Amino acid sequence: MAGVATLVLIPMFDIVVTLVCTNEEEDIKRCLPGLMADGRDSGLNIGIVVVDNNSDKEMASSLQGIDWPLKIIRQEENLGFGRSHNRAVQSLPGRYYFILNPDTIFRSGEKLLRRLFDFMEKNPRVGIAGPRIVYPDGSLQYSCYRFPSFWQPLFSRTRLGQKGRGRKMADRFLMKDFDHQQTRPVDWVMGSAMFVRGSALEEVGGFDERYWMYAEDSDWCRRMWEKGWAVYYVAEATLEHFHRRASAKVPGVVAALLKNRYARVHLISWLKYFLKWKDNRKYYAHR
């Protein structure tokens, strides 16, 4: 009828999975089948948002014919990790959001999404949960951390962290002193897999867009703790992750800064993080 507007209601998803891709076509084509299989077994209403972060080849052509609630956002410039995920989160309503890297693999029969959903439902003051992450060969990948000191990169990227007091500080940062088969509160979890409560996100806000890439995950977890939302490592849910560490491909701090763009980006984010938080390293998870 002329003059009458049609109201289109977008359903509230139980979980909205967001992925940001910049030329990772093969990664996302490998990730999606496992993600969708895990979603079908969950009994949950799950939506997927893929942000095409100015890839050389548009992702839409590669993802045609997928029988799933899938939204693709094409960006004409690379807006970085946090800002791109923020756009994805804002595009679909969800009770929970799963911030996910495309270089991840869902294990058959793992029921990862259901496990994380159930954990959050049973623990209403948890704002962010991170699954146990392993490499494709099954070995543990350290994915939960204590808040870092300003000099942490020296222990992580140089020989200073290979022995003595430097080694102890590097190991403490990586939380090597606890059994990673146990679920527990932690200071922060890796941004490659962050399961986030929608109401916590609404209160705290999304990623701080001052970080183009790196440090935004630690910053977000810290802001959650500051608002009274806990951050947890969930050992019962396991995800595989390749973790290519683009900023660490060139060894040595000086050489990396000269030759590796991502190392320079990492340094800039590091400085922004410490200008914001200073060297305050109170360990929220020890409360």
# chains A, B, ... in the order shown; residues from 1 in each chain; ligands from 1
call {"tool": "select_by_dssp", "arguments": {"residues": "stretch 57-221 of chain A", "states": "strand (DSSP E or B)", "output": "PDB file with C-alpha atoms, in the first residue's frame"}}
result
ATOM      1  CA  LEU A  70      25.824 -14.907   6.844  1.00  0.00           C
ATOM      2  CA  LYS A  71      26.480 -11.206   6.456  1.00  0.00           C
ATOM      3  CA  ILE A  72      29.474  -9.839   4.534  1.00  0.00           C
ATOM      4  CA  ILE A  73      30.732  -6.303   5.110  1.00  0.00           C
ATOM      5  CA  ARG A  74      33.102  -5.040   2.434  1.00  0.00           C
ATOM      6  CA  GLN A  75      35.467  -2.239   3.499  1.00  0.00           C
ATOM      7  CA  GLY A  94      23.262 -11.009  19.583  1.00  0.00           C
ATOM      8  CA  ARG A  95      23.026 -12.270  23.127  1.00  0.00           C
ATOM      9  CA  TYR A  96      26.697 -13.216  22.846  1.00  0.00           C
ATOM     10  CA  TYR A  97      29.436 -12.368  20.352  1.00  0.00           C
ATOM     11  CA  PHE A  98      32.328 -14.630  19.406  1.00  0.00           C
ATOM     12  CA  ILE A  99      35.306 -12.604  18.148  1.00  0.00           C
ATOM     13  CA  LEU A 100      37.194 -15.129  16.029  1.00  0.00           C
ATOM     14  CA  THR A 104      41.088 -21.229  13.486  1.00  0.00           C
ATOM     15  CA  ILE A 105      39.655 -24.730  13.202  1.00  0.00           C
ATOM     16  CA  VAL A 126      31.644 -13.195  33.313  1.00  0.00           C
ATOM     17  CA  GLY A 127      32.030 -10.648  30.525  1.00  0.00           C
ATOM     18  CA  ILE A 128      34.577 -12.438  28.325  1.00  0.00           C
ATOM     19  CA  ALA A 129      35.562 -16.096  28.082  1.00  0.00           C
ATOM     20  CA  GLY A 130      38.421 -17.548  26.063  1.00  0.00           C
ATOM     21  CA  PRO A 131      38.624 -21.239  25.109  1.00  0.00           C
ATOM     22  CA  ARG A 132      41.661 -23.463  25.545  1.00  0.00           C
ATOM     23  CA  ILE A 133      43.646 -23.022  22.329  1.00  0.00           C
ATOM     24  CA  VAL A 134      45.939 -25.592  20.767  1.00  0.00           C
ATOM     25  CA  LEU A 140      49.039 -26.189  23.959  1.00  0.00           C
ATOM     26  CA  GLN A 141      49.100 -22.608  22.717  1.00  0.00           C
ATOM     27  CA  CYS A 144      45.686 -16.354  28.560  1.00  0.00           C
ATOM     28  CA  TYR A 145      47.979 -13.932  30.294  1.00  0.00           C
ATOM     29  CA  ARG A 184      39.858 -20.098  36.039  1.00  0.00           C
ATOM     30  CA  PRO A 185      39.720 -16.290  35.982  1.00  0.00           C
ATOM     31  CA  TRP A 188      43.150 -11.316  29.724  1.00  0.00           C
ATOM     32  CA  VAL A 189      42.687 -13.720  26.832  1.00  0.00           C
ATOM     33  CA  ALA A 193      38.920 -16.193  20.246  1.00  0.00           C
ATOM     34  CA  MET A 194      36.916 -14.022  22.656  1.00  0.00           C
ATOM     35  CA  PHE A 195      33.389 -15.051  23.653  1.00  0.00           C
ATOM     36  CA  VAL A 196      31.705 -11.861  24.856  1.00  0.00           C
ATOM     37  CA  ARG A 197      28.451 -11.238  26.722  1.00  0.00           C
TER      38      ARG A 197
END
call {"tool": "select_by_dssp", "arguments": {"residues": "stretch 85-219 of chain A", "states": "alpha helix (DSSP H)", "output": "ChimeraX atom specification"}}
result
/A:85-91,112-122,152-157,164-173,198-204,216-219
call {"tool": "write_last_selection", "arguments": {"atoms": "C-alpha atoms", "output": "PDB file, in the first residue's frame"}}
result
ATOM      1  CA  HIS A  85      35.177  -6.234  14.643  1.00  0.00           C
ATOM      2  CA  ASN A  86      33.260  -3.314  16.148  1.00  0.00           C
ATOM      3  CA  ARG A  87      31.507  -2.807  12.811  1.00  0.00           C
ATOM      4  CA  ALA A  88      30.663  -6.507  12.672  1.00  0.00           C
ATOM      5  CA  VAL A  89      29.252  -6.513  16.199  1.00  0.00           C
ATOM      6  CA  GLN A  90      27.101  -3.481  15.451  1.00  0.00           C
ATOM      7  CA  SER A  91      25.645  -5.083  12.326  1.00  0.00           C
ATOM      8  CA  LEU A 112      32.658 -25.462  21.308  1.00  0.00           C
ATOM      9  CA  LEU A 113      29.892 -22.911  20.860  1.00  0.00           C
ATOM     10  CA  ARG A 114      27.508 -24.813  23.130  1.00  0.00           C
ATOM     11  CA  ARG A 115      30.169 -25.219  25.819  1.00  0.00           C
ATOM     12  CA  LEU A 116      31.030 -21.517  25.822  1.00  0.00           C
ATOM     13  CA  PHE A 117      27.359 -20.511  25.748  1.00  0.00           C
ATOM     14  CA  ASP A 118      26.517 -22.813  28.681  1.00  0.00           C
ATOM     15  CA  PHE A 119      29.508 -21.568  30.669  1.00  0.00           C
ATOM     16  CA  MET A 120      28.401 -17.958  30.269  1.00  0.00           C
ATOM     17  CA  GLU A 121      24.809 -18.797  31.146  1.00  0.00           C
ATOM     18  CA  LYS A 122      25.962 -20.416  34.404  1.00  0.00           C
ATOM     19  CA  GLN A 152      57.665  -7.403  28.439  1.00  0.00           C
ATOM     20  CA  PRO A 153      58.566  -7.359  24.692  1.00  0.00           C
ATOM     21  CA  LEU A 154      62.255  -7.591  25.606  1.00  0.00           C
ATOM     22  CA  PHE A 155      61.595 -10.818  27.484  1.00  0.00           C
ATOM     23  CA  SER A 156      59.284 -12.166  24.768  1.00  0.00           C
ATOM     24  CA  ARG A 157      61.432 -11.289  21.727  1.00  0.00           C
ATOM     25  CA  GLY A 164      67.302 -16.463  34.760  1.00  0.00           C
ATOM     26  CA  ARG A 165      65.015 -13.717  35.990  1.00  0.00           C
ATOM     27  CA  GLY A 166      64.012 -12.809  32.424  1.00  0.00           C
ATOM     28  CA  ARG A 167      62.758 -16.340  31.844  1.00  0.00           C
ATOM     29  CA  LYS A 168      60.755 -16.228  35.078  1.00  0.00           C
ATOM     30  CA  MET A 169      59.120 -12.964  34.037  1.00  0.00           C
ATOM     31  CA  ALA A 170      58.324 -14.248  30.549  1.00  0.00           C
ATOM     32  CA  ASP A 171      56.838 -17.456  31.972  1.00  0.00           C
ATOM     33  CA  ARG A 172      54.785 -15.526  34.516  1.00  0.00           C
ATOM     34  CA  PHE A 173      53.334 -13.341  31.746  1.00  0.00           C
ATOM     35  CA  GLY A 198      26.284  -8.766  24.853  1.00  0.00           C
ATOM     36  CA  SER A 199      25.150  -6.901  27.980  1.00  0.00           C
ATOM     37  CA  ALA A 200      28.776  -6.505  29.120  1.00  0.00           C
ATOM     38  CA  LEU A 201      29.737  -5.211  25.685  1.00  0.00           C
ATOM     39  CA  GLU A 202      26.873  -2.726  25.833  1.00  0.00           C
ATOM     40  CA  GLU A 203      28.098  -1.402  29.184  1.00  0.00           C
ATOM     41  CA  VAL A 204      31.859  -1.428  28.537  1.00  0.00           C
ATOM     42  CA  GLU A 216      43.220  -4.094  21.937  1.00  0.00           C
ATOM     43  CA  ASP A 217      42.429  -7.506  23.439  1.00  0.00           C
ATOM     44  CA  SER A 218      44.366  -6.835  26.649  1.00  0.00           C
ATOM     45  CA  ASP A 219      42.831  -3.366  26.847  1.00  0.00           C
TER      46      ASP A 219
END
call {"tool": "residues_around", "arguments": {"residues": "A:Asp56", "least_positions_apart": "5", "cutoff": "10 Å", "atoms": "only C-alpha atoms", "output": "list in words"}}
result
Thr22, Asn23 and Glu25 of chain A
call {"tool": "write_last_selection", "arguments": {"atoms": "N, CA and C atoms", "output": "short mmCIF file (atom, residue, chain, number, x, y, z; two decimals), in the first residue's frame"}}
result
data_model
loop_
_atom_site.label_atom_id
_atom_site.label_comp_id
_atom_site.auth_asym_id
_atom_site.auth_seq_id
_atom_site.Cartn_x
_atom_site.Cartn_y
_atom_site.Cartn_z
N THR A 22 41.66 -10.21 5.78
CA THR A 22 42.42 -9.39 4.84
C THR A 22 43.28 -10.35 4.01
N ASN A 23 42.73 -10.81 2.90
CA ASN A 23 43.41 -11.77 2.01
C ASN A 23 43.61 -13.14 2.65
N GLU A 25 41.62 -15.74 2.36
CA GLU A 25 40.54 -16.48 1.73
C GLU A 25 40.59 -17.96 2.06
#
call {"tool": "closest_residue", "arguments": {"among": "A:Asp27, A:Glu110, A:Asp208, A:Asp67", "to": "A:Tyr273", "atoms": "only C-alpha atoms"}}
result
A:Asp208
call {"tool": "residues_around", "arguments": {"residues": "stretch 266-271 of chain A", "least_positions_apart": "2", "cutoff": "9 Å", "atoms": "only C-alpha atoms", "output": "JSON, numbers by chain"}}
result
{"A": [150, 153, 210, 211, 212, 213, 214, 215, 216, 247, 257, 261, 262, 263, 264, 273, 274, 275, 276]}
call {"tool": "write_last_selection", "arguments": {"atoms": "C-alpha atoms", "output": "short mmCIF file (atom, residue, chain, number, x, y, z; two decimals), in the first residue's frame"}}
result
data_model
loop_
_atom_site.label_atom_id
_atom_site.label_comp_id
_atom_site.auth_asym_id
_atom_site.auth_seq_id
_atom_site.Cartn_x
_atom_site.Cartn_y
_atom_site.Cartn_z
CA PHE A 150 56.38 -2.15 30.02
CA PRO A 153 58.57 -7.36 24.69
CA ARG A 210 42.95 3.84 18.94
CA TYR A 211 44.72 0.50 18.44
CA TRP A 212 44.89 -0.40 14.75
CA MET A 213 46.10 -3.88 15.71
CA TYR A 214 47.58 -5.48 18.85
CA ALA A 215 46.94 -4.60 22.54
CA GLU A 216 43.22 -4.09 21.94
CA SER A 247 54.79 -9.18 14.05
CA LEU A 257 61.29 -2.74 13.59
CA ARG A 261 55.61 -3.42 9.36
CA TYR A 262 53.59 -5.42 11.88
CA ALA A 263 56.38 -5.20 14.43
CA ARG A 264 56.25 -1.41 14.12
CA TYR A 273 48.54 0.91 25.85
CA PHE A 274 51.05 2.09 28.44
CA LEU A 275 50.24 5.75 27.93
CA LYS A 276 46.67 4.78 28.76
#
call {"tool": "closest_residue", "arguments": {"among": "A:Val16, A:Met175, A:Cys21, A:Ile46", "to": "A:Glu58", "atoms": "only C-alpha atoms"}}
result
A:Cys21
call {"tool": "atom_distance", "arguments": {"atom1": "atom CA of A:Cys221", "atom2": "atom CA of A:Asp103"}}
result
21.8 Å
call {"tool": "closest_residue", "arguments": {"among": "A:Lys111, A:Asn101, A:Glu76, A:Glu209", "to": "A:Gly43", "atoms": "only C-alpha atoms"}}
result
A:Lys111
call {"tool": "closest_residue", "arguments": {"among": "A:Tyr283, A:Gln181, A:Pro102, A:Leu174", "to": "A:Thr238", "atoms": "only C-alpha atoms"}}
result
A:Gln181
call {"tool": "closest_residue", "arguments": {"among": "A:Ser84, A:Val50, A:Pro93, A:Asp38", "to": "A:Pro11", "atoms": "only C-alpha atoms"}}
result
A:Pro93
call {"tool": "atom_distance", "arguments": {"atom1": "atom CA of A:Ala235", "atom2": "atom CA of A:Gly34"}}
result
19.5 Å
call {"tool": "closest_residue", "arguments": {"among": "A:Phe13, A:Trp68, A:Phe147, A:Tyr232", "to": "A:Ala37", "atoms": "only C-alpha atoms"}}
result
A:Trp68
call {"tool": "decode", "arguments": {"residues": "stretch 168-284 of chain A", "atoms": "C-alpha atoms", "output": "short mmCIF file (atom, residue, chain, number, x, y, z; two decimals), in the first residue's frame"}}
result
data_model
loop_
_atom_site.label_atom_id
_atom_site.label_comp_id
_atom_site.auth_asym_id
_atom_site.auth_seq_id
_atom_site.Cartn_x
_atom_site.Cartn_y
_atom_site.Cartn_z
CA LYS A 168 60.76 -16.23 35.08
CA MET A 169 59.12 -12.96 34.04
CA ALA A 170 58.32 -14.25 30.55
CA ASP A 171 56.84 -17.46 31.97
CA ARG A 172 54.78 -15.53 34.52
CA PHE A 173 53.33 -13.34 31.75
CA LEU A 174 52.32 -16.49 29.82
CA MET A 175 50.83 -18.05 32.98
CA LYS A 176 52.98 -21.15 32.70
CA ASP A 177 52.62 -21.64 36.44
CA PHE A 178 49.09 -23.06 36.33
CA ASP A 179 47.45 -26.17 34.91
CA HIS A 180 45.87 -25.19 31.58
CA GLN A 181 43.41 -28.06 31.97
CA GLN A 182 41.65 -25.99 34.65
CA THR A 183 39.05 -23.28 34.13
CA ARG A 184 39.86 -20.10 36.04
CA PRO A 185 39.72 -16.29 35.98
CA VAL A 186 42.63 -14.64 34.17
CA ASP A 187 43.68 -11.07 33.48
CA TRP A 188 43.15 -11.32 29.72
CA VAL A 189 42.69 -13.72 26.83
CA MET A 190 44.01 -13.68 23.29
CA GLY A 191 41.96 -11.76 20.74
CA SER A 192 41.88 -14.70 18.33
CA ALA A 193 38.92 -16.19 20.25
CA MET A 194 36.92 -14.02 22.66
CA PHE A 195 33.39 -15.05 23.65
CA VAL A 196 31.71 -11.86 24.86
CA ARG A 197 28.45 -11.24 26.72
CA GLY A 198 26.28 -8.77 24.85
CA SER A 199 25.15 -6.90 27.98
CA ALA A 200 28.78 -6.50 29.12
CA LEU A 201 29.74 -5.21 25.69
CA GLU A 202 26.87 -2.73 25.83
CA GLU A 203 28.10 -1.40 29.18
CA VAL A 204 31.86 -1.43 28.54
CA GLY A 205 31.86 -0.69 24.81
CA GLY A 206 33.72 -2.48 22.03
CA PHE A 207 37.40 -2.49 21.16
CA ASP A 208 39.26 0.78 21.68
CA GLU A 209 39.77 1.96 18.09
CA ARG A 210 42.95 3.84 18.94
CA TYR A 211 44.72 0.50 18.44
CA TRP A 212 44.89 -0.40 14.75
CA MET A 213 46.10 -3.88 15.71
CA TYR A 214 47.58 -5.48 18.85
CA ALA A 215 46.94 -4.60 22.54
CA GLU A 216 43.22 -4.09 21.94
CA ASP A 217 42.43 -7.51 23.44
CA SER A 218 44.37 -6.83 26.65
CA ASP A 219 42.83 -3.37 26.85
CA TRP A 220 39.28 -4.72 26.39
CA CYS A 221 39.70 -7.34 29.10
CA ARG A 222 41.08 -4.73 31.45
CA ARG A 223 38.11 -2.48 30.83
CA MET A 224 35.81 -5.42 31.55
CA TRP A 225 37.51 -6.01 34.91
CA GLU A 226 37.32 -2.28 35.71
CA LYS A 227 33.53 -2.42 35.26
CA GLY A 228 33.18 -5.56 37.41
CA TRP A 229 32.94 -8.11 34.58
CA ALA A 230 35.22 -11.13 35.02
CA VAL A 231 37.43 -12.63 32.30
CA TYR A 232 37.80 -16.42 32.24
CA TYR A 233 39.89 -19.08 30.56
CA VAL A 234 37.59 -22.05 29.82
CA ALA A 235 39.57 -25.29 29.61
CA GLU A 236 36.57 -27.46 28.69
CA ALA A 237 36.26 -25.80 25.27
CA THR A 238 39.12 -26.38 22.81
CA LEU A 239 39.85 -24.57 19.54
CA GLU A 240 42.72 -25.03 17.08
CA HIS A 241 44.63 -21.96 15.95
CA PHE A 242 47.57 -21.58 13.57
CA HIS A 243 48.77 -18.31 15.20
CA ARG A 244 51.21 -17.07 12.57
CA ARG A 245 52.37 -14.07 14.66
CA ALA A 246 52.97 -11.65 11.80
CA SER A 247 54.79 -9.18 14.05
CA ALA A 248 57.37 -11.80 15.12
CA LYS A 249 58.47 -13.11 11.71
CA VAL A 250 61.73 -11.14 11.82
CA PRO A 251 63.79 -12.08 14.91
CA GLY A 252 65.40 -9.42 17.07
CA VAL A 253 63.82 -6.14 18.17
CA VAL A 254 65.85 -3.73 16.00
CA ALA A 255 65.74 -5.88 12.86
CA ALA A 256 62.02 -6.45 13.30
CA LEU A 257 61.29 -2.74 13.59
CA LEU A 258 63.32 -2.00 10.46
CA LYS A 259 61.99 -4.83 8.29
CA ASN A 260 58.55 -5.80 9.60
CA ARG A 261 55.61 -3.42 9.36
CA TYR A 262 53.59 -5.42 11.88
CA ALA A 263 56.38 -5.20 14.43
CA ARG A 264 56.25 -1.41 14.12
CA VAL A 265 52.46 -1.47 14.50
CA HIS A 266 52.89 -3.68 17.57
CA LEU A 267 55.30 -1.19 19.12
CA ILE A 268 52.96 1.74 18.46
CA SER A 269 50.05 -0.12 20.08
CA TRP A 270 52.28 -1.05 23.00
CA LEU A 271 53.14 2.60 23.61
CA LYS A 272 49.48 3.63 23.35
CA TYR A 273 48.54 0.91 25.85
CA PHE A 274 51.05 2.09 28.44
CA LEU A 275 50.24 5.75 27.93
CA LYS A 276 46.67 4.78 28.76
CA TRP A 277 47.24 2.34 31.65
CA LYS A 278 50.73 3.36 32.80
CA ASP A 279 52.60 0.48 34.46
CA ASN A 280 49.72 -0.51 36.70
CA ARG A 281 49.72 -4.30 36.62
CA LYS A 282 47.24 -5.22 39.34
CA TYR A 283 46.14 -8.77 38.79
CA TYR A 284 42.37 -8.79 38.75
#
